[in-house]
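Asker: Take a look at coords-v4.cif, mmCIF, C-alpha atoms:
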data_work
loop_
_atom_site.label_atom_id
_atom_site.label_comp_id
_atom_site.auth_asym_id
_atom_site.auth_seq_id
_atom_site.Cartn_x
_atom_site.Cartn_y
_atom_site.Cartn_z
CA MET A 7 98.11 107.15 73.37
CA ALA A 8 96.16 106.54 76.52
CA VAL A 9 97.68 104.12 78.96
CA THR A 10 95.17 102.70 81.43
CA SER A 11 95.29 100.87 84.72
CA ILE A 12 92.71 99.81 87.29
CA HIS A 13 93.28 99.10 90.97
CA ALA A 14 91.01 97.95 93.78
CA ILE A 15 90.62 100.19 96.84
CA LYS A 16 90.10 98.20 100.03
CA ALA A 17 90.65 101.01 102.57
CA THR A 18 90.71 104.83 102.78
CA GLU A 19 88.58 105.48 99.72
CA TRP A 20 87.99 109.04 101.01
CA ALA A 21 91.77 109.65 100.93
CA ALA A 22 91.97 108.43 97.34
CA ILE A 23 89.11 110.73 96.34
CA ARG A 24 90.73 113.62 98.24
CA TYR A 25 93.96 113.00 96.32
CA ILE A 26 92.33 112.95 92.87
CA THR A 27 90.22 116.07 93.55
CA ASP A 28 93.14 118.12 94.89
CA ALA A 29 92.71 121.73 93.74
CA ASP A 30 96.40 122.07 92.79
CA LYS A 31 96.10 119.15 90.38
CA THR A 32 92.70 120.03 88.87
CA ILE A 33 92.97 123.83 88.47
CA ASN A 34 90.91 124.58 91.60
CA GLY A 35 88.43 121.81 90.87
CA LEU A 36 87.67 122.96 87.32
CA TYR A 37 88.33 119.45 86.01
CA VAL A 38 86.36 117.44 88.56
CA SER A 39 82.98 115.84 87.95
CA SER A 40 80.88 113.13 89.53
CA TYR A 41 77.98 110.84 88.81
CA GLY A 42 75.45 109.68 91.39
CA CYS A 43 77.37 111.22 94.28
CA ARG A 44 78.93 114.41 95.55
CA ALA A 45 82.33 115.34 94.12
CA ASP A 46 84.13 116.08 97.42
CA SER A 47 85.99 113.31 99.24
CA THR A 48 83.87 113.17 102.37
CA GLY A 49 80.55 113.50 100.54
CA ALA A 50 81.43 110.98 97.82
CA SER A 51 82.68 108.49 100.39
CA GLU A 52 79.44 108.85 102.39
CA ASP A 53 77.37 108.45 99.21
CA PHE A 54 79.37 105.36 98.20
CA ARG A 55 78.89 103.90 101.70
CA ALA A 56 75.13 104.42 101.59
CA VAL A 57 74.91 102.40 98.36
CA ARG A 58 77.29 99.73 99.70
CA ASN A 59 75.16 99.35 102.83
CA SER A 60 72.20 98.39 100.65
CA GLY A 61 74.28 95.93 98.61
CA THR A 62 75.13 92.28 99.03
CA GLY A 63 78.20 92.98 101.19
CA ARG A 64 80.08 90.00 99.75
CA THR A 65 83.34 91.77 98.95
CA LYS A 66 86.04 93.67 100.81
CA ILE A 67 86.64 95.98 97.85
CA LEU A 68 85.20 99.46 98.47
CA ALA A 69 85.91 101.05 95.12
CA HIS A 70 88.10 100.91 92.03
CA HIS A 71 90.60 103.48 90.78
CA ILE A 72 91.18 103.87 87.03
CA ILE A 73 94.05 105.96 85.72
CA GLN A 74 94.01 107.04 82.08
CA SER A 75 97.24 108.77 81.01
CA PHE A 76 97.55 110.56 77.68
CA GLU A 77 100.53 111.23 75.43
CA HIS A 78 102.29 114.51 76.26
CA GLY A 79 100.91 117.38 74.17
CA GLU A 80 98.24 115.26 72.48
CA ILE A 81 95.15 116.33 74.41
CA THR A 82 93.64 119.30 76.25
CA PRO A 83 92.19 118.99 79.76
CA GLU A 84 88.70 119.59 78.34
CA LYS A 85 89.07 116.80 75.79
CA ALA A 86 90.57 114.48 78.43
CA MET A 87 87.49 115.14 80.57
CA GLN A 88 85.24 114.28 77.63
CA VAL A 89 87.18 111.10 76.78
CA SER A 90 87.21 109.94 80.41
CA GLU A 91 83.50 110.65 80.88
CA GLU A 92 82.81 108.56 77.79
CA LEU A 93 84.95 105.78 79.25
CA CYS A 94 82.84 105.90 82.44
CA ASP A 95 79.60 105.88 80.45
CA LYS A 96 80.60 102.83 78.41
CA LEU A 97 82.26 100.85 81.20
CA LEU A 98 79.92 101.63 84.10
CA GLU A 99 76.72 102.01 82.06
CA GLY A 100 75.18 104.41 84.59
CA ASN A 101 75.12 101.72 87.30
CA TYR A 102 78.00 102.87 89.52
CA GLN A 103 78.73 106.16 91.27
CA TYR A 104 82.03 107.79 90.35
CA VAL A 105 84.25 110.80 90.81
CA LEU A 106 86.39 111.85 87.84
CA ALA A 107 89.30 114.28 87.95
CA VAL A 108 91.69 115.39 85.21
CA HIS A 109 95.15 116.26 86.49
CA THR A 110 97.16 118.98 84.77
CA ASP A 111 100.08 119.14 87.22
CA LYS A 112 102.46 116.85 85.27
CA GLU A 113 103.93 117.01 81.76
CA HIS A 114 101.24 114.63 80.56
CA ILE A 115 97.53 115.10 81.21
CA HIS A 116 95.92 112.18 82.98
CA SER A 117 92.54 111.28 84.46
CA HIS A 118 91.66 109.56 87.69
CA ILE A 119 88.31 107.82 88.10
CA ILE A 120 87.22 106.35 91.41
CA PHE A 121 84.00 104.39 91.25
CA ASN A 122 81.97 102.54 93.84
CA ASN A 123 82.29 98.76 93.74
CA THR A 124 78.54 98.39 94.43
CA ASN A 125 75.93 98.77 91.71
CA MET A 126 73.39 101.46 92.66
CA TYR A 127 70.42 99.46 91.36
CA ASN A 128 70.96 95.77 92.10
CA GLY A 129 73.49 95.85 94.98
CA LEU A 130 75.92 93.52 93.21
CA SER A 131 79.62 94.32 93.15
CA PHE A 132 81.52 95.39 90.05
CA THR A 133 83.89 92.54 90.84
CA THR A 134 81.02 90.03 90.61
CA GLU A 135 79.44 91.56 87.53
CA HIS A 136 82.52 92.46 85.48
CA ASN A 137 85.70 90.86 86.73
CA GLN A 138 85.07 87.14 86.30
CA GLY A 139 85.82 84.67 83.54
CA LYS A 140 88.68 84.53 81.07
CA VAL A 141 91.56 86.94 81.57
CA LYS A 142 90.85 88.77 78.30
CA GLU A 143 87.31 89.48 79.54
CA ARG A 144 88.33 90.95 82.90
CA SER A 145 87.87 94.60 83.77
CA TRP A 146 91.44 95.76 83.05
CA ALA A 147 91.16 94.40 79.50
CA LYS A 148 87.74 96.01 79.08
CA VAL A 149 89.03 99.38 80.31
CA ARG A 150 91.85 99.29 77.76
CA GLU A 151 89.55 98.17 74.93
CA ILE A 152 87.01 100.93 75.59
CA SER A 153 89.75 103.55 76.07
CA ASP A 154 91.38 102.58 72.78
CA GLU A 155 88.05 102.77 70.92
CA ILE A 156 87.34 106.25 72.29
CA CYS A 157 90.89 107.47 71.58
CA GLU A 158 90.65 106.26 67.98
CA LYS A 159 87.29 108.01 67.63
CA TYR A 160 88.91 111.33 68.66
CA GLY A 161 92.04 110.83 66.57
CA LEU A 162 94.30 110.16 69.56
CA SER A 163 97.08 107.63 69.31
CA VAL A 164 96.71 104.12 70.75
CA ILE A 165 99.31 101.56 71.73
CA GLU A 166 99.77 99.08 68.91
CA GLU A 167 99.94 95.47 69.98
CA ASN A 168 102.38 93.01 68.53
CA GLU A 169 102.68 89.31 69.16
CA ASN A 170 105.25 89.85 71.93
CA SER A 171 103.33 92.54 73.84
CA LYS A 172 101.51 92.04 77.09
#
Please rewrite the model in this file as structure tokens.

Answerer:
Amino acid sequence: MAVTSIHAIKATEWAAIRYITDADKTINGLYVSSYGCRADSTGASEDFRAVRNSGTGRTKILAHHIIQSFEHGEITPEKAMQVSEELCDKLLEGNYQYVLAVHTDKEHIHSHIIFNNTNMYNGLSFTTEHNQGKVKERSWAKVREISDEICEKYGLSVIEENENSK
């Protein structure tokens, strides 16, 4: 069962990227990938900034950090990478730069995704494009929905909702 969360990054995005790409957590960078930017913390942060500088500049959010944690023993690092890349493809639709890292340093395998808040093509923020409206339509709900769909596709467990769950 993949548990997901999403958090806004308003400062030190390079430090967050440095943390997720740490060689000790990703088997010397074996489980690190990127889209539309370099995969190292300094390079990715510079690439994110270049896109942000051409954007609307109407938000203080620099990036977003998604964590996708899998059930202990249920998934391999390679499969986690595949599942998380699919999550990025479906959620971000090729419009946002991201760095993805699968961590293998804990009992459970988990992925970290840090993506730029500014769309590479129209300069709008992810917050503006995807985090408005009814609560069930906000980005955290969308992340969970997409993650659950992908996990079901690969035969991974998902958290069952009941009427009392949040």

Asker: Between atom CA of A:Asn125 and atom CA of A:Ala69, what is the spacing in Å?

Answerer: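 So the answer is 10.8 Å.
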
Asker: Please provide as an mmCIF file with C-alpha atoms, in the frame of the given file all residues within 9 Å of stretch 54-57 of chain A, with the sequence filter that same-chain residues fewer than 6 positions apart are discarded (counting all atoms listed in the file).

Answerer:
data_model
loop_
_atom_site.group_PDB
_atom_site.id
_atom_site.type_symbol
_atom_site.label_atom_id
_atom_site.label_comp_id
_atom_site.auth_asym_id
_atom_site.auth_seq_id
_atom_site.Cartn_x
_atom_site.Cartn_y
_atom_site.Cartn_z
ATOM 1 C CA GLY A 42 75.450 109.680 91.390
ATOM 2 C CA CYS A 43 77.370 111.220 94.280
ATOM 3 C CA LEU A 68 85.200 99.460 98.470
ATOM 4 C CA ALA A 69 85.910 101.050 95.120
ATOM 5 C CA GLN A 103 78.730 106.160 91.270
ATOM 6 C CA TYR A 104 82.030 107.790 90.350
ATOM 7 C CA PHE A 121 84.000 104.390 91.250
ATOM 8 C CA ASN A 122 81.970 102.540 93.840
ATOM 9 C CA ASN A 123 82.290 98.760 93.740
ATOM 10 C CA THR A 124 78.540 98.390 94.430
ATOM 11 C CA ASN A 125 75.930 98.770 91.710
ATOM 12 C CA MET A 126 73.390 101.460 92.660
ATOM 13 C CA TYR A 127 70.420 99.460 91.360
ATOM 14 C CA GLY A 129 73.490 95.850 94.980
#

Asker: For A:Ser11, which residue among A:Ser47, A:Ser117, A:Thr133, A:Gln74 is the nearest when counting all atoms listed in the file?

Answerer: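 Among the listed residues, A:Gln74 lies closest to A:Ser11.
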
Asker: How many Å lie between atom CA of A:Leu97 and atom CA of A:His118, rounded to one decimal?

Answerer: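 These atoms are spaced 14.4 Å apart.
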
Asker: Given the choices A:Pro83, A:Thr10, A:Thr110, A:Asn59, which gets closest to A:Ala147 if the distance is worked out from all atoms listed in the file?

Answerer: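 Under the stated criterion, the closest residue is A:Thr10.
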